[in-house]
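One file, my_file37.tsv, carrying TSV, C-alpha atoms:
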chain	number	residue	atom	x	y	z
A	37	MET	CA	93.77	84.73	88.23
A	38	GLN	CA	91.12	86.61	90.22
A	39	ARG	CA	91.33	90.35	90.91
A	40	ILE	CA	89.67	91.90	93.96
A	41	ARG	CA	89.17	95.64	94.47
A	42	LEU	CA	89.08	96.97	98.03
A	43	ARG	CA	88.02	100.23	99.63
A	44	TYR	CA	89.73	101.17	102.88
A	45	THR	CA	89.86	104.05	105.36
A	46	LYS	CA	92.40	106.11	107.30
A	47	ARG	CA	90.70	107.23	110.51
A	48	GLY	CA	91.70	108.91	113.76
A	49	ARG	CA	95.40	108.87	114.56
A	50	LEU	CA	95.98	106.46	111.67
A	51	ARG	CA	95.53	109.40	109.26
A	52	PHE	CA	99.21	110.10	109.98
A	53	THR	CA	100.13	106.73	108.47
A	54	SER	CA	102.30	107.17	105.39
A	55	HIS	CA	101.55	105.26	102.21
A	56	ARG	CA	104.60	103.08	102.80
A	57	ASP	CA	103.48	102.33	106.35
A	58	PHE	CA	100.09	101.28	105.03
A	59	GLN	CA	101.72	99.02	102.43
A	60	ARG	CA	103.68	97.22	105.14
A	61	ALA	CA	100.59	96.82	107.34
A	62	PHE	CA	98.53	95.55	104.43
A	63	GLU	CA	101.11	93.01	103.32
A	64	ARG	CA	101.28	91.69	106.91
A	65	ALA	CA	97.48	91.40	106.87
A	66	LEU	CA	97.66	89.41	103.63
A	67	ARG	CA	100.02	86.93	105.27
A	68	ARG	CA	97.95	86.66	108.47
A	69	ALA	CA	94.76	86.08	106.49
A	70	GLU	CA	96.57	83.48	104.33
A	71	VAL	CA	95.39	85.15	101.13
A	72	PRO	CA	96.54	83.18	98.03
A	73	MET	CA	98.34	86.14	96.49
A	74	ALA	CA	99.82	86.23	93.01
A	75	TYR	CA	103.44	87.40	93.00
A	76	SER	CA	105.54	89.28	90.51
A	77	ALA	CA	108.39	87.55	88.68
A	78	GLY	CA	112.08	88.35	89.10
A	79	PHE	CA	114.71	88.12	91.84
A	80	THR	CA	112.56	89.90	94.46
A	81	PRO	CA	108.95	88.75	93.99
A	82	HIS	CA	106.33	90.87	95.72
A	83	PRO	CA	102.55	90.58	96.06
A	84	LYS	CA	100.60	91.95	93.12
A	85	VAL	CA	98.92	94.93	94.76
A	86	SER	CA	97.98	98.07	92.82
A	87	TYR	CA	97.35	101.24	94.82
A	88	ALA	CA	95.33	104.09	93.35
A	89	ASN	CA	95.70	107.78	94.22
A	90	ALA	CA	96.52	107.51	97.92
A	91	ALA	CA	95.65	110.45	100.19
A	92	PRO	CA	98.53	112.56	101.54
A	93	THR	CA	100.00	111.70	104.94
A	94	GLY	CA	98.13	113.52	107.71
A	95	THR	CA	94.74	113.51	105.99
A	96	GLY	CA	91.93	111.17	106.91
A	97	SER	CA	90.01	109.24	104.29
A	98	GLU	CA	86.86	107.20	103.88
A	99	ALA	CA	87.64	106.32	100.26
A	100	GLU	CA	91.04	104.80	99.46
A	101	TYR	CA	91.26	102.05	96.84
A	102	LEU	CA	93.55	99.19	95.87
A	103	GLU	CA	93.44	96.02	93.79
A	104	ILE	CA	94.98	92.63	94.54
A	105	ALA	CA	95.54	89.60	92.31
A	106	LEU	CA	94.87	86.07	93.63
A	107	THR	CA	95.94	82.66	92.38
A	108	GLN	CA	92.74	81.07	93.76
A	109	ALA	CA	89.21	82.46	93.72
A	110	ARG	CA	87.82	83.84	96.99
A	111	ASP	CA	84.48	85.34	97.99
A	112	PRO	CA	85.11	89.12	98.09
A	113	GLU	CA	83.07	89.78	101.26
A	114	LYS	CA	84.63	86.90	103.22
A	115	LEU	CA	88.06	88.09	102.12
A	116	ARG	CA	87.22	91.64	103.20
A	117	VAL	CA	86.26	90.46	106.69
A	118	LEU	CA	89.48	88.45	107.10
A	119	LEU	CA	91.65	91.35	105.97
A	120	ASP	CA	89.79	93.88	108.11
A	121	GLU	CA	90.32	91.71	111.19
A	122	SER	CA	94.04	91.62	110.41
A	123	MET	CA	94.45	95.40	110.01
A	124	PRO	CA	94.91	98.00	112.78
A	125	THR	CA	91.74	99.79	113.88
A	126	GLY	CA	91.51	102.94	111.79
A	127	LEU	CA	92.86	101.25	108.68
A	128	ASP	CA	89.57	99.53	107.97
A	129	ILE	CA	88.67	97.48	104.89
A	130	ILE	CA	85.06	98.52	104.27
A	131	ASP	CA	84.19	97.25	100.78
A	132	ALA	CA	85.28	94.55	98.34
A	133	VAL	CA	84.22	93.54	94.83
A	134	GLU	CA	85.57	91.21	92.19
A	135	ALA	CA	87.14	93.22	89.38
A	136	ARG	CA	84.98	92.64	86.31
A	137	THR	CA	85.84	95.83	84.43
A	138	SER	CA	89.06	97.58	83.51
A	139	GLY	CA	90.44	100.96	84.46
A	140	LEU	CA	89.80	101.51	88.17
A	141	ALA	CA	92.41	104.27	88.28
A	142	ASP	CA	90.77	105.94	85.28
A	143	ARG	CA	87.54	106.22	87.29
A	144	LEU	CA	89.21	108.17	90.09
A	145	THR	CA	88.91	111.60	88.51
A	146	ALA	CA	87.65	113.71	91.44
A	147	SER	CA	87.53	113.75	95.24
A	148	VAL	CA	85.17	115.10	97.88
A	149	TRP	CA	86.99	116.57	100.89
A	150	GLU	CA	85.82	117.90	104.25
A	151	LEU	CA	87.94	120.57	105.93
A	152	ARG	CA	87.26	121.30	109.60
A	153	LEU	CA	88.59	124.74	110.51
A	154	ASP	CA	88.60	125.04	114.30
A	155	GLY	CA	88.83	128.62	115.52
A	156	VAL	CA	87.37	130.07	112.30
A	157	ASP	CA	84.06	131.93	112.39
A	158	PRO	CA	81.63	130.44	109.81
A	159	ALA	CA	80.80	133.93	108.53
A	160	ASP	CA	84.48	134.58	107.79
A	161	ALA	CA	84.68	131.23	106.01
A	162	GLU	CA	81.63	132.08	103.88
A	163	ARG	CA	83.19	135.38	102.78
A	164	ALA	CA	86.46	133.64	101.90
A	165	VAL	CA	84.65	130.92	99.94
A	166	ALA	CA	82.68	133.56	98.02
A	167	ALA	CA	85.89	135.40	97.12
A	168	PHE	CA	87.62	132.18	96.05
A	169	THR	CA	84.77	130.91	93.86
A	170	ALA	CA	84.30	134.34	92.25
A	171	ALA	CA	87.95	134.48	91.17
A	172	GLU	CA	88.90	133.31	87.68
A	173	SER	CA	92.22	132.02	88.99
A	174	VAL	CA	93.97	131.82	92.35
A	175	GLU	CA	97.72	131.36	92.20
A	176	VAL	CA	99.37	129.50	95.06
A	177	GLN	CA	102.85	128.17	95.68
A	178	ARG	CA	103.99	124.76	96.83
A	179	LYS	CA	107.46	123.59	97.73
A	180	THR	CA	108.54	120.59	95.65
A	181	LYS	CA	111.77	118.63	95.34
A	182	ASN	CA	112.59	120.85	92.34
A	183	GLY	CA	111.94	124.08	94.22
A	184	ILE	CA	108.96	126.39	94.60
A	185	ARG	CA	106.16	125.79	92.07
A	186	THR	CA	103.39	128.30	91.31
A	187	PHE	CA	100.07	127.08	89.90
A	188	ASP	CA	96.35	127.86	89.77
A	189	ALA	CA	94.36	126.29	92.61
A	190	ARG	CA	90.99	127.58	91.36
A	191	SER	CA	90.48	125.79	88.04
A	192	ALA	CA	90.40	122.28	89.53
A	193	VAL	CA	87.80	123.17	92.18
A	194	VAL	CA	84.30	122.14	91.07
A	195	GLN	CA	82.48	122.98	94.31
A	196	LEU	CA	83.41	124.77	97.53
A	197	GLU	CA	80.74	125.30	100.19
A	198	THR	CA	80.44	125.95	103.91
A	199	HIS	CA	78.52	123.55	106.17
A	200	SER	CA	77.37	123.61	109.78
A	201	PRO	CA	79.44	121.61	112.31
A	202	GLN	CA	77.97	118.26	113.28
A	203	ALA	CA	75.63	118.38	116.26
A	204	ASP	CA	77.43	115.43	117.89
A	205	ARG	CA	80.69	117.39	118.06
A	206	PRO	CA	79.80	120.45	120.20
A	207	THR	CA	82.46	123.03	120.90
A	208	ASP	CA	82.61	126.36	122.69
A	209	GLN	CA	84.99	127.67	120.03
A	210	PRO	CA	84.01	128.88	116.55
A	211	CYS	CA	84.32	126.25	113.86
A	212	ALA	CA	83.79	126.30	110.11
A	213	ILE	CA	83.29	123.23	107.94
A	214	LEU	CA	84.15	123.37	104.23
A	215	ARG	CA	83.05	120.79	101.68
A	216	LEU	CA	85.29	120.67	98.61
A	217	VAL	CA	85.00	118.81	95.31
A	218	VAL	CA	88.21	118.92	93.28
A	219	ARG	CA	89.18	117.32	90.00
A	220	HIS	CA	92.33	115.24	89.81
A	221	VAL	CA	94.52	117.29	87.49
A	222	THR	CA	98.23	117.82	86.90
A	223	PRO	CA	99.67	119.35	88.98
A	224	ALA	CA	97.37	117.92	91.65
A	225	VAL	CA	95.38	120.47	93.66
A	226	ARG	CA	95.21	119.39	97.28
A	227	PRO	CA	93.07	120.66	100.15
A	228	ASP	CA	96.03	122.55	101.60
A	229	ASP	CA	96.45	124.33	98.25
A	230	VAL	CA	92.83	125.48	98.48
A	231	LEU	CA	93.49	126.70	102.02
A	232	SER	CA	96.48	128.65	100.66
A	233	GLY	CA	94.15	130.10	98.04
A	234	LEU	CA	91.62	131.17	100.69
A	235	ARG	CA	94.42	132.89	102.54
A	236	ALA	CA	95.53	134.63	99.36
A	237	VAL	CA	92.11	135.97	98.33
A	238	ALA	CA	90.54	136.63	101.75
A	239	ASP	CA	93.30	136.42	104.37
A	240	LEU	CA	91.61	133.38	105.93
A	241	ALA	CA	94.18	131.79	108.23
A	242	PRO	CA	92.97	129.10	110.67
A	243	PRO	CA	94.76	129.37	114.06
A	244	VAL	CA	95.30	125.58	114.10
A	245	PRO	CA	95.92	123.14	111.25
A	246	ALA	CA	92.77	122.06	109.43
A	247	ALA	CA	91.44	118.54	109.98
A	248	VAL	CA	91.08	117.18	106.44
A	249	THR	CA	89.14	114.05	105.45
A	250	ARG	CA	88.49	112.61	102.01
A	251	LEU	CA	84.86	111.52	101.95
A	252	ALA	CA	84.72	110.05	98.43
A	253	GLN	CA	86.56	109.73	95.15
A	254	GLY	CA	85.45	108.53	91.75
A	255	LEU	CA	84.07	109.84	88.47
A	256	PHE	CA	82.56	113.32	88.58
A	257	ASP	CA	79.02	113.37	87.20
A	258	GLU	CA	78.59	116.66	85.34
A	259	GLU	CA	74.77	116.44	85.40
A	260	THR	CA	74.29	115.82	89.11
A	261	GLY	CA	77.47	117.45	90.41
A	262	THR	CA	78.30	114.35	92.43
A	263	VAL	CA	81.28	112.00	92.65
A	264	THR	CA	80.14	108.48	91.81
A	265	ASP	CA	81.18	105.14	93.35
A	266	PRO	CA	84.11	103.74	91.30
A	267	LEU	CA	83.24	100.16	92.30
A	268	ALA	CA	79.67	100.40	90.99
A	269	PRO	CA	80.54	99.19	87.45
A	270	ASP	CA	82.05	95.99	88.92
A	271	ARG	CA	78.95	95.36	91.04
A	272	GLU	CA	76.69	95.96	88.03
A	273	ALA	CA	78.77	93.59	85.90
A	274	ALA	CA	78.50	90.90	88.60
A	275	GLU	CA	74.71	91.29	88.76
A	276	ALA	CA	74.23	91.21	84.98
A	277	PRO	CA	74.64	87.39	84.53
A	278	THR	CA	72.20	86.75	87.41
A	279	THR	CA	69.64	89.10	85.88
A	280	ALA	CA	70.06	87.48	82.47
A	281	ALA	CA	69.67	83.97	83.93
A	282	ALA	CA	66.51	84.98	85.80
A	283	ALA	CA	65.05	86.45	82.62
A	284	ALA	CA	65.80	83.25	80.69
A	285	LYS	CA	63.96	81.13	83.30
A	286	ALA	CA	60.91	83.41	83.35
A	287	PRO	CA	57.84	81.90	81.63
A	288	ALA	CA	57.09	83.24	78.17
Take the structure I supplied and represent it as structure tokens, if you would.
Amino acid sequence: MQRIRLRYTKRGRLRFTSHRDFQRAFERALRRAEVPMAYSAGFTPHPKVSYANAAPTGTGSEAEYLEIALTQARDPEKLRVLLDESMPTGLDIIDAVEARTSGLADRLTASVWELRLDGVDPADAERAVAAFTAAESVEVQRKTKNGIRTFDARSAVVQLETHSPQADRPTDQPCAILRLVVRHVTPAVRPDDVLSGLRAVADLAPPVPAAVTRLAQGLFDEETGTVTDPLAPDREAAEAPTTAAAAAKAPA
């Protein structure tokens, strides 16, 4: 059995796609592309697809991950192209590797988010960010199925910075861009929780809902302060036999 790990996006209007909607679209793509899927046992067999830490509905993403199990070996890149052609534009399959290591979900320990705050002056955003990062804790509330839950939104935030809007997206209205790196903890701290925290510590309240996009997710590197590619270990494992074979053929 071969396992393939895929990276996919949620762009544009497709950011409003729920996780269940994506599952249905992806399973249709598997059938269209005639992928030799492995199926679960039991009375209602279903394709062996493992989803990892999907972004909330309404947020865009450049870094969603899943793993599929095949009964016949396929070239990962050719499979990626076939699946991408079978998916709606916006739900794009942008990377594929053969799974050669274990624990993909264990490598998704942090995310990088971009928050576009239209109607917010960058100077006001900078003051709010400074107040948030200076606080030891920032309590926020979230409505759950078990009622209102209060938790600290500050401790999971590794980095929170302001950035200039992109030059290719001019606007005559003020706009602030926040870049956020947050650890995956329990309870999960989401971008909207951080926005609630900014409102609590600095009364920052965007006049329109923030446009939120996940730019990356993976292991957080403490030394560099970056979130690393979770598929890199599989690529390195695939290259290792080739490197070893080339070394063996090299003249003494």
task: Choose the residue, out of A:Val133, A:Val193, A:Met37, A:Ala212, that has the smallest atom-to-atom separation from A:Gly233; count all atoms listed in the file.
output: A:Val193
- prompt: Between A:Glu70, A:Glu172, A:Asp160, A:Glu150, which is the closest to A:Ala238 once you count only C-alpha atoms?
  reply: A:Asp160
message: Could you tell me how far atom CA of A:Arg116 sits from atom CA of A:Asp57, in Å to one decimal place?
response: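 Separation of atom CA of A:Asp57 and atom CA of A:Arg116: 19.7 Å.
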task: Show which residues sit within 7 Å of A:Ser232, as a list in words. Count all atoms listed in the file, and ignore same-chain residues fewer than 4 positions away.
output: Val176, Asp228 and Ala236 of chain A
- prompt: Near A:Pro72, counting only C-alpha atoms, which residues have an atom at most 9 Å away, once you skip same-chain residues fewer than 5 positions from it, shown as a PyMOL selection string?
  reply: chain A and resi 66-67+105-110
field: Selected residue of minimal separation from A:Asp111 among A:Leu267, A:Ala247, A:Ala132, A:Ala91, counting all atoms listed in the file
entry: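 Ranking A:Leu267, A:Ala247, A:Ala132, A:Ala91 by distance to A:Asp111, first place goes to A:Ala132.
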task: Name the residues in contact with stretch 81-87 of chain A at a cut-off of 12 Å, using only C-alpha atoms, excluding same-chain residues fewer than 3 positions from it; report them as a PyMOL selection string.
output: chain A and resi 37-44+55-56+58-60+62-67+71-78+90-91+100-107+139-141+144
query: Quick one: distance from atom CA of A:Trp149 to atom CA of A:Val244 in Å, one decimal?
result: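 Atom CA of A:Trp149 sits 18.0 Å away from atom CA of A:Val244.
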task: May I ask for the distance between atom CA of A:Lys114 and atom CA of A:Phe52, given in Å to one decimal place?
output: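 So the two atoms, atom CA of A:Lys114 and atom CA of A:Phe52, lie 28.2 Å apart.
Distances here use all atoms listed in the file; by that measure, the residue among A:Ala166, A:Cys211, A:Ala69, A:Pro245 closest to A:Met123 is A:Ala69.
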- line: Among A:His220, A:Leu240, A:Ala135, A:Thr93, A:Ala164 is approached most closely, using only C-alpha atoms, by A:Leu240
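Distances here use only C-alpha atoms; by that measure, the residue among A:Arg235, A:Ala170, A:Ala99, A:Pro112 closest to A:Gly254 is A:Ala99.
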task: Give me the residues within 8 Å of A:Gln195 as a list of chain:residue names, counting all atoms listed in the file and dropping any in the same chain fewer than 2 places off.
output: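 Result of the neighbour search: A:Val193, A:Glu197, A:Arg215, A:Leu216, A:Val217, A:Val218.
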- request: Find the residues near A:Asp265: any atom within 8 Å, counting only C-alpha atoms, skip ones fewer than 5 places away on the same chain, and give them as a PyMOL selection string.
  value: chain A and resi 252-255
Your completed stretch 225-247 of chain A with N, CA and C atoms, as an mmCIF file, in the frame of the given file:
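Wrote part-v9.cif, looks like this:
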data_model
loop_
_atom_site.group_PDB
_atom_site.id
_atom_site.type_symbol
_atom_site.label_atom_id
_atom_site.label_comp_id
_atom_site.auth_asym_id
_atom_site.auth_seq_id
_atom_site.Cartn_x
_atom_site.Cartn_y
_atom_site.Cartn_z
ATOM 1 N N VAL A 225 95.814 119.432 92.717
ATOM 2 C CA VAL A 225 95.380 120.470 93.660
ATOM 3 C C VAL A 225 94.884 119.774 94.910
ATOM 4 N N ARG A 226 95.532 120.042 96.023
ATOM 5 C CA ARG A 226 95.210 119.390 97.280
ATOM 6 C C ARG A 226 94.426 120.331 98.176
ATOM 7 N N PRO A 227 93.794 119.792 99.224
ATOM 8 C CA PRO A 227 93.070 120.660 100.150
ATOM 9 C C PRO A 227 93.926 121.786 100.723
ATOM 10 N N ASP A 228 95.195 121.492 101.045
ATOM 11 C CA ASP A 228 96.030 122.550 101.600
ATOM 12 C C ASP A 228 96.328 123.640 100.580
ATOM 13 N N ASP A 229 96.296 123.300 99.282
ATOM 14 C CA ASP A 229 96.450 124.330 98.250
ATOM 15 C C ASP A 229 95.232 125.250 98.229
ATOM 16 N N VAL A 230 94.051 124.668 98.418
ATOM 17 C CA VAL A 230 92.830 125.480 98.480
ATOM 18 C C VAL A 230 92.868 126.383 99.701
ATOM 19 N N LEU A 231 93.354 125.874 100.827
ATOM 20 C CA LEU A 231 93.490 126.700 102.020
ATOM 21 C C LEU A 231 94.469 127.850 101.765
ATOM 22 N N SER A 232 95.546 127.571 101.034
ATOM 23 C CA SER A 232 96.480 128.650 100.660
ATOM 24 C C SER A 232 95.788 129.674 99.790
ATOM 25 N N GLY A 233 94.896 129.192 98.898
ATOM 26 C CA GLY A 233 94.150 130.100 98.040
ATOM 27 C C GLY A 233 93.180 130.964 98.829
ATOM 28 N N LEU A 234 92.532 130.394 99.836
ATOM 29 C CA LEU A 234 91.620 131.170 100.690
ATOM 30 C C LEU A 234 92.391 132.229 101.468
ATOM 31 N N ARG A 235 93.589 131.901 101.857
ATOM 32 C CA ARG A 235 94.420 132.890 102.540
ATOM 33 C C ARG A 235 94.819 134.005 101.580
ATOM 34 N N ALA A 236 95.090 133.636 100.329
ATOM 35 C CA ALA A 236 95.530 134.630 99.360
ATOM 36 C C ALA A 236 94.419 135.606 98.979
ATOM 37 N N VAL A 237 93.185 135.102 98.814
ATOM 38 C CA VAL A 237 92.110 135.970 98.330
ATOM 39 C C VAL A 237 91.330 136.649 99.452
ATOM 40 N N ALA A 238 91.378 136.084 100.681
ATOM 41 C CA ALA A 238 90.540 136.630 101.750
ATOM 42 C C ALA A 238 91.240 136.669 103.101
ATOM 43 N N ASP A 239 92.531 136.391 103.128
ATOM 44 C CA ASP A 239 93.300 136.420 104.370
ATOM 45 C C ASP A 239 92.704 135.505 105.426
ATOM 46 N N LEU A 240 92.159 134.351 104.992
ATOM 47 C CA LEU A 240 91.610 133.380 105.930
ATOM 48 C C LEU A 240 92.747 132.483 106.404
ATOM 49 N N ALA A 241 93.055 132.547 107.683
ATOM 50 C CA ALA A 241 94.180 131.790 108.230
ATOM 51 C C ALA A 241 93.741 131.103 109.518
ATOM 52 N N PRO A 242 93.366 129.819 109.455
ATOM 53 C CA PRO A 242 92.970 129.100 110.670
ATOM 54 C C PRO A 242 94.084 129.128 111.713
ATOM 55 N N PRO A 243 93.731 129.316 113.016
ATOM 56 C CA PRO A 243 94.760 129.370 114.060
ATOM 57 C C PRO A 243 95.410 128.013 114.338
ATOM 58 N N VAL A 244 94.737 126.930 113.946
ATOM 59 C CA VAL A 244 95.300 125.580 114.100
ATOM 60 C C VAL A 244 95.179 124.868 112.763
ATOM 61 N N PRO A 245 96.007 123.866 112.523
ATOM 62 C CA PRO A 245 95.920 123.140 111.250
ATOM 63 C C PRO A 245 94.531 122.561 111.013
ATOM 64 N N ALA A 246 94.080 122.598 109.784
ATOM 65 C CA ALA A 246 92.770 122.060 109.430
ATOM 66 C C ALA A 246 92.772 120.541 109.554
ATOM 67 N N ALA A 247 91.639 119.989 109.983
ATOM 68 C CA ALA A 247 91.440 118.540 109.980
ATOM 69 C C ALA A 247 90.788 118.179 108.650
#
